[in-house]
>>> print(open('entry-v5.txt').read())   # compact mmCIF, N, CA and C atoms
# COMPACT_ATOMS: atom_id res chain seq x y z
N ASP I 1 42.26 -7.19 9.45
CA ASP I 1 41.03 -6.84 8.76
C ASP I 1 40.38 -8.13 8.26
N GLU I 2 39.23 -8.46 8.81
CA GLU I 2 38.45 -9.64 8.42
C GLU I 2 39.31 -10.91 8.36
N PRO I 3 39.97 -11.29 9.45
CA PRO I 3 40.85 -12.47 9.40
C PRO I 3 40.13 -13.78 9.15
N THR I 4 38.81 -13.78 9.32
CA THR I 4 38.05 -15.02 9.12
C THR I 4 37.07 -14.91 7.95
N GLY I 5 37.11 -13.81 7.23
CA GLY I 5 36.13 -13.54 6.19
C GLY I 5 35.99 -14.60 5.11
N ALA I 6 37.08 -15.20 4.69
CA ALA I 6 37.04 -16.17 3.59
C ALA I 6 37.22 -17.61 4.08
N LEU I 7 37.07 -17.82 5.39
CA LEU I 7 37.31 -19.16 5.95
C LEU I 7 36.01 -19.90 6.20
N ASN I 8 36.09 -21.23 6.17
CA ASN I 8 34.93 -22.03 6.55
C ASN I 8 34.80 -22.01 8.07
N SER I 9 33.73 -22.59 8.60
CA SER I 9 33.45 -22.54 10.04
C SER I 9 34.57 -23.16 10.87
N GLU I 10 35.08 -24.29 10.44
CA GLU I 10 36.13 -24.97 11.20
C GLU I 10 37.41 -24.14 11.26
N ALA I 11 37.82 -23.60 10.13
CA ALA I 11 39.03 -22.78 10.10
C ALA I 11 38.83 -21.49 10.90
N THR I 12 37.63 -20.92 10.83
CA THR I 12 37.32 -19.73 11.61
C THR I 12 37.52 -20.00 13.09
N GLU I 13 36.98 -21.11 13.58
CA GLU I 13 37.12 -21.46 14.99
C GLU I 13 38.59 -21.65 15.37
N GLN I 14 39.36 -22.25 14.48
CA GLN I 14 40.79 -22.46 14.76
C GLN I 14 41.51 -21.12 14.90
N VAL I 15 41.24 -20.20 14.00
CA VAL I 15 41.87 -18.88 14.05
C VAL I 15 41.46 -18.16 15.33
N LEU I 16 40.18 -18.21 15.67
CA LEU I 16 39.70 -17.53 16.87
C LEU I 16 40.30 -18.13 18.14
N GLU I 17 40.49 -19.44 18.15
CA GLU I 17 41.12 -20.10 19.30
C GLU I 17 42.57 -19.63 19.47
N ILE I 18 43.29 -19.52 18.37
CA ILE I 18 44.68 -19.04 18.42
C ILE I 18 44.72 -17.61 18.93
N LEU I 19 43.83 -16.76 18.42
CA LEU I 19 43.80 -15.37 18.86
C LEU I 19 43.44 -15.27 20.34
N GLU I 20 42.52 -16.11 20.79
CA GLU I 20 42.14 -16.11 22.21
C GLU I 20 43.32 -16.54 23.09
N GLU I 21 44.06 -17.55 22.65
CA GLU I 21 45.25 -17.99 23.40
C GLU I 21 46.27 -16.86 23.51
N LEU I 22 46.51 -16.18 22.40
CA LEU I 22 47.46 -15.06 22.42
C LEU I 22 46.99 -13.96 23.36
N ASN I 23 45.69 -13.68 23.33
CA ASN I 23 45.14 -12.65 24.22
C ASN I 23 45.27 -13.06 25.68
N ASN I 24 45.03 -14.33 25.97
CA ASN I 24 45.17 -14.83 27.34
C ASN I 24 46.61 -14.75 27.84
N GLU I 25 47.56 -14.74 26.90
CA GLU I 25 48.98 -14.60 27.25
C GLU I 25 49.38 -13.13 27.40
N GLY I 26 48.44 -12.22 27.21
CA GLY I 26 48.71 -10.81 27.43
C GLY I 26 48.79 -9.96 26.18
N MET I 27 48.64 -10.55 25.01
CA MET I 27 48.72 -9.79 23.77
C MET I 27 47.37 -9.12 23.48
N THR I 28 47.43 -7.86 23.09
CA THR I 28 46.22 -7.16 22.66
C THR I 28 45.92 -7.55 21.23
N ILE I 29 44.66 -7.91 20.97
CA ILE I 29 44.23 -8.33 19.63
C ILE I 29 43.15 -7.35 19.16
N MET I 30 43.31 -6.83 17.96
CA MET I 30 42.29 -5.98 17.36
C MET I 30 41.85 -6.62 16.05
N ILE I 31 40.56 -6.84 15.93
CA ILE I 31 40.01 -7.48 14.73
C ILE I 31 38.96 -6.56 14.12
N VAL I 32 39.00 -6.41 12.81
CA VAL I 32 37.95 -5.72 12.07
C VAL I 32 37.08 -6.81 11.47
N THR I 33 35.77 -6.74 11.75
CA THR I 33 34.86 -7.76 11.23
C THR I 33 33.46 -7.20 11.07
N HIS I 34 32.70 -7.81 10.19
CA HIS I 34 31.29 -7.51 10.03
C HIS I 34 30.44 -8.66 10.57
N ASP I 35 31.09 -9.66 11.12
CA ASP I 35 30.42 -10.88 11.57
C ASP I 35 30.17 -10.83 13.08
N PRO I 36 28.91 -10.71 13.52
CA PRO I 36 28.61 -10.66 14.95
C PRO I 36 29.09 -11.90 15.71
N ARG I 37 29.18 -13.04 15.03
CA ARG I 37 29.67 -14.26 15.70
C ARG I 37 31.13 -14.11 16.08
N VAL I 38 31.90 -13.47 15.22
CA VAL I 38 33.31 -13.22 15.51
C VAL I 38 33.42 -12.12 16.56
N ALA I 39 32.67 -11.05 16.40
CA ALA I 39 32.72 -9.93 17.35
C ALA I 39 32.32 -10.37 18.75
N ALA I 40 31.41 -11.34 18.86
CA ALA I 40 30.94 -11.81 20.17
C ALA I 40 32.04 -12.48 20.97
N LYS I 41 33.13 -12.86 20.33
CA LYS I 41 34.26 -13.48 21.03
C LYS I 41 35.15 -12.43 21.72
N ALA I 42 34.92 -11.16 21.41
CA ALA I 42 35.77 -10.08 21.93
C ALA I 42 35.40 -9.72 23.37
N LYS I 43 36.30 -8.99 24.00
CA LYS I 43 36.03 -8.45 25.33
C LYS I 43 35.39 -7.07 25.22
N LYS I 44 35.68 -6.40 24.12
CA LYS I 44 35.12 -5.07 23.89
C LYS I 44 34.92 -4.89 22.39
N VAL I 45 33.80 -4.27 22.01
CA VAL I 45 33.49 -4.02 20.61
C VAL I 45 33.35 -2.52 20.40
N LEU I 46 34.01 -2.03 19.37
CA LEU I 46 33.88 -0.63 18.97
C LEU I 46 33.15 -0.58 17.64
N TYR I 47 32.17 0.30 17.52
CA TYR I 47 31.47 0.51 16.26
C TYR I 47 32.04 1.78 15.65
N ILE I 48 32.63 1.65 14.48
CA ILE I 48 33.29 2.77 13.81
C ILE I 48 32.40 3.27 12.68
N ARG I 49 32.16 4.58 12.67
CA ARG I 49 31.39 5.20 11.59
C ARG I 49 32.14 6.44 11.13
N ASP I 50 32.40 6.54 9.85
CA ASP I 50 33.11 7.69 9.28
C ASP I 50 34.43 7.96 9.99
N GLY I 51 35.14 6.88 10.32
CA GLY I 51 36.46 7.00 10.93
C GLY I 51 36.46 7.36 12.40
N GLN I 52 35.29 7.43 13.02
CA GLN I 52 35.18 7.79 14.43
C GLN I 52 34.49 6.67 15.21
N ILE I 53 34.84 6.54 16.49
CA ILE I 53 34.14 5.57 17.35
C ILE I 53 32.75 6.13 17.62
N ALA I 54 31.73 5.47 17.09
CA ALA I 54 30.35 5.91 17.26
C ALA I 54 29.72 5.29 18.50
N ALA I 55 30.20 4.11 18.90
CA ALA I 55 29.65 3.43 20.08
C ALA I 55 30.63 2.35 20.50
N SER I 56 30.54 1.96 21.76
CA SER I 56 31.37 0.85 22.24
C SER I 56 30.55 0.01 23.21
N LYS I 57 30.93 -1.25 23.32
CA LYS I 57 30.22 -2.18 24.20
C LYS I 57 31.24 -3.08 24.86
N ASP I 58 31.19 -3.13 26.19
CA ASP I 58 32.06 -4.00 26.98
C ASP I 58 31.36 -5.34 27.11
N LEU I 59 32.00 -6.40 26.64
CA LEU I 59 31.39 -7.73 26.66
C LEU I 59 31.88 -8.58 27.82
N ARG I 60 32.73 -8.04 28.66
CA ARG I 60 33.28 -8.81 29.78
C ARG I 60 32.25 -9.11 30.84
N ASN I 61 31.12 -8.41 30.83
CA ASN I 61 30.09 -8.64 31.84
C ASN I 61 29.08 -9.71 31.41
N GLY I 62 29.38 -10.41 30.34
CA GLY I 62 28.51 -11.49 29.89
C GLY I 62 27.43 -11.07 28.92
N SER I 63 27.48 -9.85 28.41
CA SER I 63 26.44 -9.36 27.50
C SER I 63 26.84 -9.53 26.04
N GLY I 64 27.63 -10.55 25.76
CA GLY I 64 28.17 -10.69 24.42
C GLY I 64 27.61 -11.83 23.61
N SER I 65 26.35 -12.22 23.86
CA SER I 65 25.80 -13.27 23.01
C SER I 65 25.67 -12.73 21.59
N GLU I 66 25.71 -13.62 20.63
CA GLU I 66 25.60 -13.19 19.23
C GLU I 66 24.30 -12.43 19.00
N PHE I 67 23.22 -12.89 19.63
CA PHE I 67 21.91 -12.26 19.47
C PHE I 67 21.93 -10.84 20.04
N GLU I 68 22.42 -10.69 21.28
CA GLU I 68 22.48 -9.37 21.90
C GLU I 68 23.37 -8.43 21.12
N LEU I 69 24.50 -8.94 20.69
CA LEU I 69 25.44 -8.12 19.94
C LEU I 69 24.85 -7.70 18.60
N GLY I 70 24.19 -8.62 17.93
CA GLY I 70 23.53 -8.31 16.66
C GLY I 70 22.49 -7.21 16.82
N ASN I 71 21.69 -7.30 17.89
CA ASN I 71 20.68 -6.27 18.16
C ASN I 71 21.33 -4.93 18.46
N TRP I 72 22.41 -4.95 19.26
CA TRP I 72 23.12 -3.71 19.58
C TRP I 72 23.68 -3.08 18.32
N LEU I 73 24.26 -3.89 17.45
CA LEU I 73 24.83 -3.36 16.21
C LEU I 73 23.76 -2.74 15.32
N LYS I 74 22.58 -3.37 15.26
CA LYS I 74 21.48 -2.80 14.49
C LYS I 74 21.06 -1.45 15.08
N GLU I 75 21.01 -1.39 16.41
CA GLU I 75 20.59 -0.17 17.10
C GLU I 75 21.57 0.97 16.84
N VAL I 76 22.86 0.73 16.98
CA VAL I 76 23.83 1.82 16.82
C VAL I 76 24.06 2.18 15.36
N HIS I 77 23.68 1.29 14.45
CA HIS I 77 23.87 1.55 13.02
C HIS I 77 22.86 2.58 12.51
N LEU I 78 21.76 2.75 13.22
CA LEU I 78 20.71 3.68 12.76
C LEU I 78 21.16 5.11 12.79
>>> encode(input="entry-v5.txt", output="structure tokens")
Amino acid sequence: DEPTGALNSEATEQVLEILEELNNEGMTIMIVTHDPRVAAKAKKVLYIRDGQIAASKDLRNGSGSEFELGNWLKEVHL
């Protein structure tokens, strides 16, 4: 839950690099975040509302820029 929430930019990048390495080794990583910059590093994003998956977005096709993801999150939040 929010593994980078209280970290500065440099420490955030270090944590995300470690998580990416673990994922590349086959480990499934699940992160809860409100930060589109962190979410944009994911392969798939789930938007949870009232304990249910309200929307999902596959970012493996290259549609995971922070800008695109931010717009998508605004859209599904309505």
>>> closest_residue(input="entry-v5.txt", among="I:Ile53, I:Ala39, I:Ala6, I:Ile48", to="Ser65 (chain I)", atoms="all atoms listed in the file")
I:Ala39
>>> residues_around(input="entry-v5.txt", residues="Lys41 (chain I)", least_positions_apart="4", cutoff="8 Å", atoms="only N, CA and C atoms", output="PDB file with N, CA and C atoms, in the frame of the given file")
ATOM      1  N   LEU I  16      40.180 -18.210  15.670  1.00  0.00           N
ATOM      2  CA  LEU I  16      39.700 -17.530  16.870  1.00  0.00           C
ATOM      3  C   LEU I  16      40.300 -18.130  18.140  1.00  0.00           C
ATOM      4  N   GLU I  20      42.520 -16.110  20.790  1.00  0.00           N
ATOM      5  CA  GLU I  20      42.140 -16.110  22.210  1.00  0.00           C
ATOM      6  C   GLU I  20      43.320 -16.540  23.090  1.00  0.00           C
ATOM      7  N   PRO I  36      28.910 -10.710  13.520  1.00  0.00           N
ATOM      8  CA  PRO I  36      28.610 -10.660  14.950  1.00  0.00           C
ATOM      9  C   PRO I  36      29.090 -11.900  15.710  1.00  0.00           C
ATOM     10  N   ARG I  37      29.180 -13.040  15.030  1.00  0.00           N
ATOM     11  CA  ARG I  37      29.670 -14.260  15.700  1.00  0.00           C
ATOM     12  C   ARG I  37      31.130 -14.110  16.080  1.00  0.00           C
ATOM     13  N   LEU I  59      32.000  -6.400  26.640  1.00  0.00           N
ATOM     14  CA  LEU I  59      31.390  -7.730  26.660  1.00  0.00           C
ATOM     15  C   LEU I  59      31.880  -8.580  27.820  1.00  0.00           C
ATOM     16  N   GLY I  64      27.630 -10.550  25.760  1.00  0.00           N
ATOM     17  CA  GLY I  64      28.170 -10.690  24.420  1.00  0.00           C
ATOM     18  C   GLY I  64      27.610 -11.830  23.610  1.00  0.00           C
ATOM     19  N   SER I  65      26.350 -12.220  23.860  1.00  0.00           N
ATOM     20  CA  SER I  65      25.800 -13.270  23.010  1.00  0.00           C
ATOM     21  C   SER I  65      25.670 -12.730  21.590  1.00  0.00           C
ATOM     22  N   GLU I  66      25.710 -13.620  20.630  1.00  0.00           N
ATOM     23  CA  GLU I  66      25.600 -13.190  19.230  1.00  0.00           C
ATOM     24  C   GLU I  66      24.300 -12.430  19.000  1.00  0.00           C
TER      25      GLU I  66
END
>>> atom_distance(input="entry-v5.txt", atom1="CA of Arg60 (chain I)", atom2="CA of Thr33 (chain I)")
18.6 Å
>>> select_by_dssp(input="entry-v5.txt", residues="chain I", states="helix (DSSP H, G or I)", output="PyMOL selection string")
chain I and resi 9-24+36-39+66-77
>>> write_last_selection(input="entry-v5.txt", atoms="N, CA and C atoms", output="CSV table (one decimal), in the frame of the given file")
chain,number,residue,atom,x,y,z
I,9,SER,N,33.7,-22.6,8.6
I,9,SER,CA,33.4,-22.5,10.0
I,9,SER,C,34.6,-23.2,10.9
I,10,GLU,N,35.1,-24.3,10.4
I,10,GLU,CA,36.1,-25.0,11.2
I,10,GLU,C,37.4,-24.1,11.3
I,11,ALA,N,37.8,-23.6,10.1
I,11,ALA,CA,39.0,-22.8,10.1
I,11,ALA,C,38.8,-21.5,10.9
I,12,THR,N,37.6,-20.9,10.8
I,12,THR,CA,37.3,-19.7,11.6
I,12,THR,C,37.5,-20.0,13.1
I,13,GLU,N,37.0,-21.1,13.6
I,13,GLU,CA,37.1,-21.5,15.0
I,13,GLU,C,38.6,-21.6,15.4
I,14,GLN,N,39.4,-22.2,14.5
I,14,GLN,CA,40.8,-22.5,14.8
I,14,GLN,C,41.5,-21.1,14.9
I,15,VAL,N,41.2,-20.2,14.0
I,15,VAL,CA,41.9,-18.9,14.0
I,15,VAL,C,41.5,-18.2,15.3
I,16,LEU,N,40.2,-18.2,15.7
I,16,LEU,CA,39.7,-17.5,16.9
I,16,LEU,C,40.3,-18.1,18.1
I,17,GLU,N,40.5,-19.4,18.2
I,17,GLU,CA,41.1,-20.1,19.3
I,17,GLU,C,42.6,-19.6,19.5
I,18,ILE,N,43.3,-19.5,18.4
I,18,ILE,CA,44.7,-19.0,18.4
I,18,ILE,C,44.7,-17.6,18.9
I,19,LEU,N,43.8,-16.8,18.4
I,19,LEU,CA,43.8,-15.4,18.9
I,19,LEU,C,43.4,-15.3,20.3
I,20,GLU,N,42.5,-16.1,20.8
I,20,GLU,CA,42.1,-16.1,22.2
I,20,GLU,C,43.3,-16.5,23.1
I,21,GLU,N,44.1,-17.6,22.6
I,21,GLU,CA,45.2,-18.0,23.4
I,21,GLU,C,46.3,-16.9,23.5
I,22,LEU,N,46.5,-16.2,22.4
I,22,LEU,CA,47.5,-15.1,22.4
I,22,LEU,C,47.0,-14.0,23.4
I,23,ASN,N,45.7,-13.7,23.3
I,23,ASN,CA,45.1,-12.6,24.2
I,23,ASN,C,45.3,-13.1,25.7
I,24,ASN,N,45.0,-14.3,26.0
I,24,ASN,CA,45.2,-14.8,27.3
I,24,ASN,C,46.6,-14.8,27.8
I,36,PRO,N,28.9,-10.7,13.5
I,36,PRO,CA,28.6,-10.7,15.0
I,36,PRO,C,29.1,-11.9,15.7
I,37,ARG,N,29.2,-13.0,15.0
I,37,ARG,CA,29.7,-14.3,15.7
I,37,ARG,C,31.1,-14.1,16.1
I,38,VAL,N,31.9,-13.5,15.2
I,38,VAL,CA,33.3,-13.2,15.5
I,38,VAL,C,33.4,-12.1,16.6
I,39,ALA,N,32.7,-11.0,16.4
I,39,ALA,CA,32.7,-9.9,17.4
I,39,ALA,C,32.3,-10.4,18.8
I,66,GLU,N,25.7,-13.6,20.6
I,66,GLU,CA,25.6,-13.2,19.2
I,66,GLU,C,24.3,-12.4,19.0
I,67,PHE,N,23.2,-12.9,19.6
I,67,PHE,CA,21.9,-12.3,19.5
I,67,PHE,C,21.9,-10.8,20.0
I,68,GLU,N,22.4,-10.7,21.3
I,68,GLU,CA,22.5,-9.4,21.9
I,68,GLU,C,23.4,-8.4,21.1
I,69,LEU,N,24.5,-8.9,20.7
I,69,LEU,CA,25.4,-8.1,19.9
I,69,LEU,C,24.8,-7.7,18.6
I,70,GLY,N,24.2,-8.6,17.9
I,70,GLY,CA,23.5,-8.3,16.7
I,70,GLY,C,22.5,-7.2,16.8
I,71,ASN,N,21.7,-7.3,17.9
I,71,ASN,CA,20.7,-6.3,18.2
I,71,ASN,C,21.3,-4.9,18.5
I,72,TRP,N,22.4,-5.0,19.3
I,72,TRP,CA,23.1,-3.7,19.6
I,72,TRP,C,23.7,-3.1,18.3
I,73,LEU,N,24.3,-3.9,17.4
I,73,LEU,CA,24.8,-3.4,16.2
I,73,LEU,C,23.8,-2.7,15.3
I,74,LYS,N,22.6,-3.4,15.3
I,74,LYS,CA,21.5,-2.8,14.5
I,74,LYS,C,21.1,-1.4,15.1
I,75,GLU,N,21.0,-1.4,16.4
I,75,GLU,CA,20.6,-0.2,17.1
I,75,GLU,C,21.6,1.0,16.8
I,76,VAL,N,22.9,0.7,17.0
I,76,VAL,CA,23.8,1.8,16.8
I,76,VAL,C,24.1,2.2,15.4
I,77,HIS,N,23.7,1.3,14.4
I,77,HIS,CA,23.9,1.6,13.0
I,77,HIS,C,22.9,2.6,12.5
>>> atom_distance(input="entry-v5.txt", atom1="CA of Glu17 (chain I)", atom2="CA of Tyr47 (chain I)")
23.0 Å
>>> atom_distance(input="entry-v5.txt", atom1="CA of Gly51 (chain I)", atom2="CA of Trp72 (chain I)")
19.2 Å
>>> select_by_dssp(input="entry-v5.txt", residues="region 1-64 of chain I", states="strand (DSSP E or B)", output="PyMOL selection string")
chain I and resi 44-49+52-58
>>> residues_around(input="entry-v5.txt", residues="Ser56 (chain I)", least_positions_apart="6", cutoff="8 Å", atoms="only C-alpha atoms", output="list of chain:residue names")
I:Lys44, I:Val45, I:Leu46, I:Tyr47
>>> closest_residue(input="entry-v5.txt", among="I:His34, I:Phe67, I:Glu21, I:Gly26", to="Gly5 (chain I)", atoms="all atoms listed in the file")
I:His34
>>> closest_residue(input="entry-v5.txt", among="I:Val76, I:Ile31, I:Pro3, I:Asn71", to="Ala54 (chain I)", atoms="all atoms listed in the file")
I:Val76
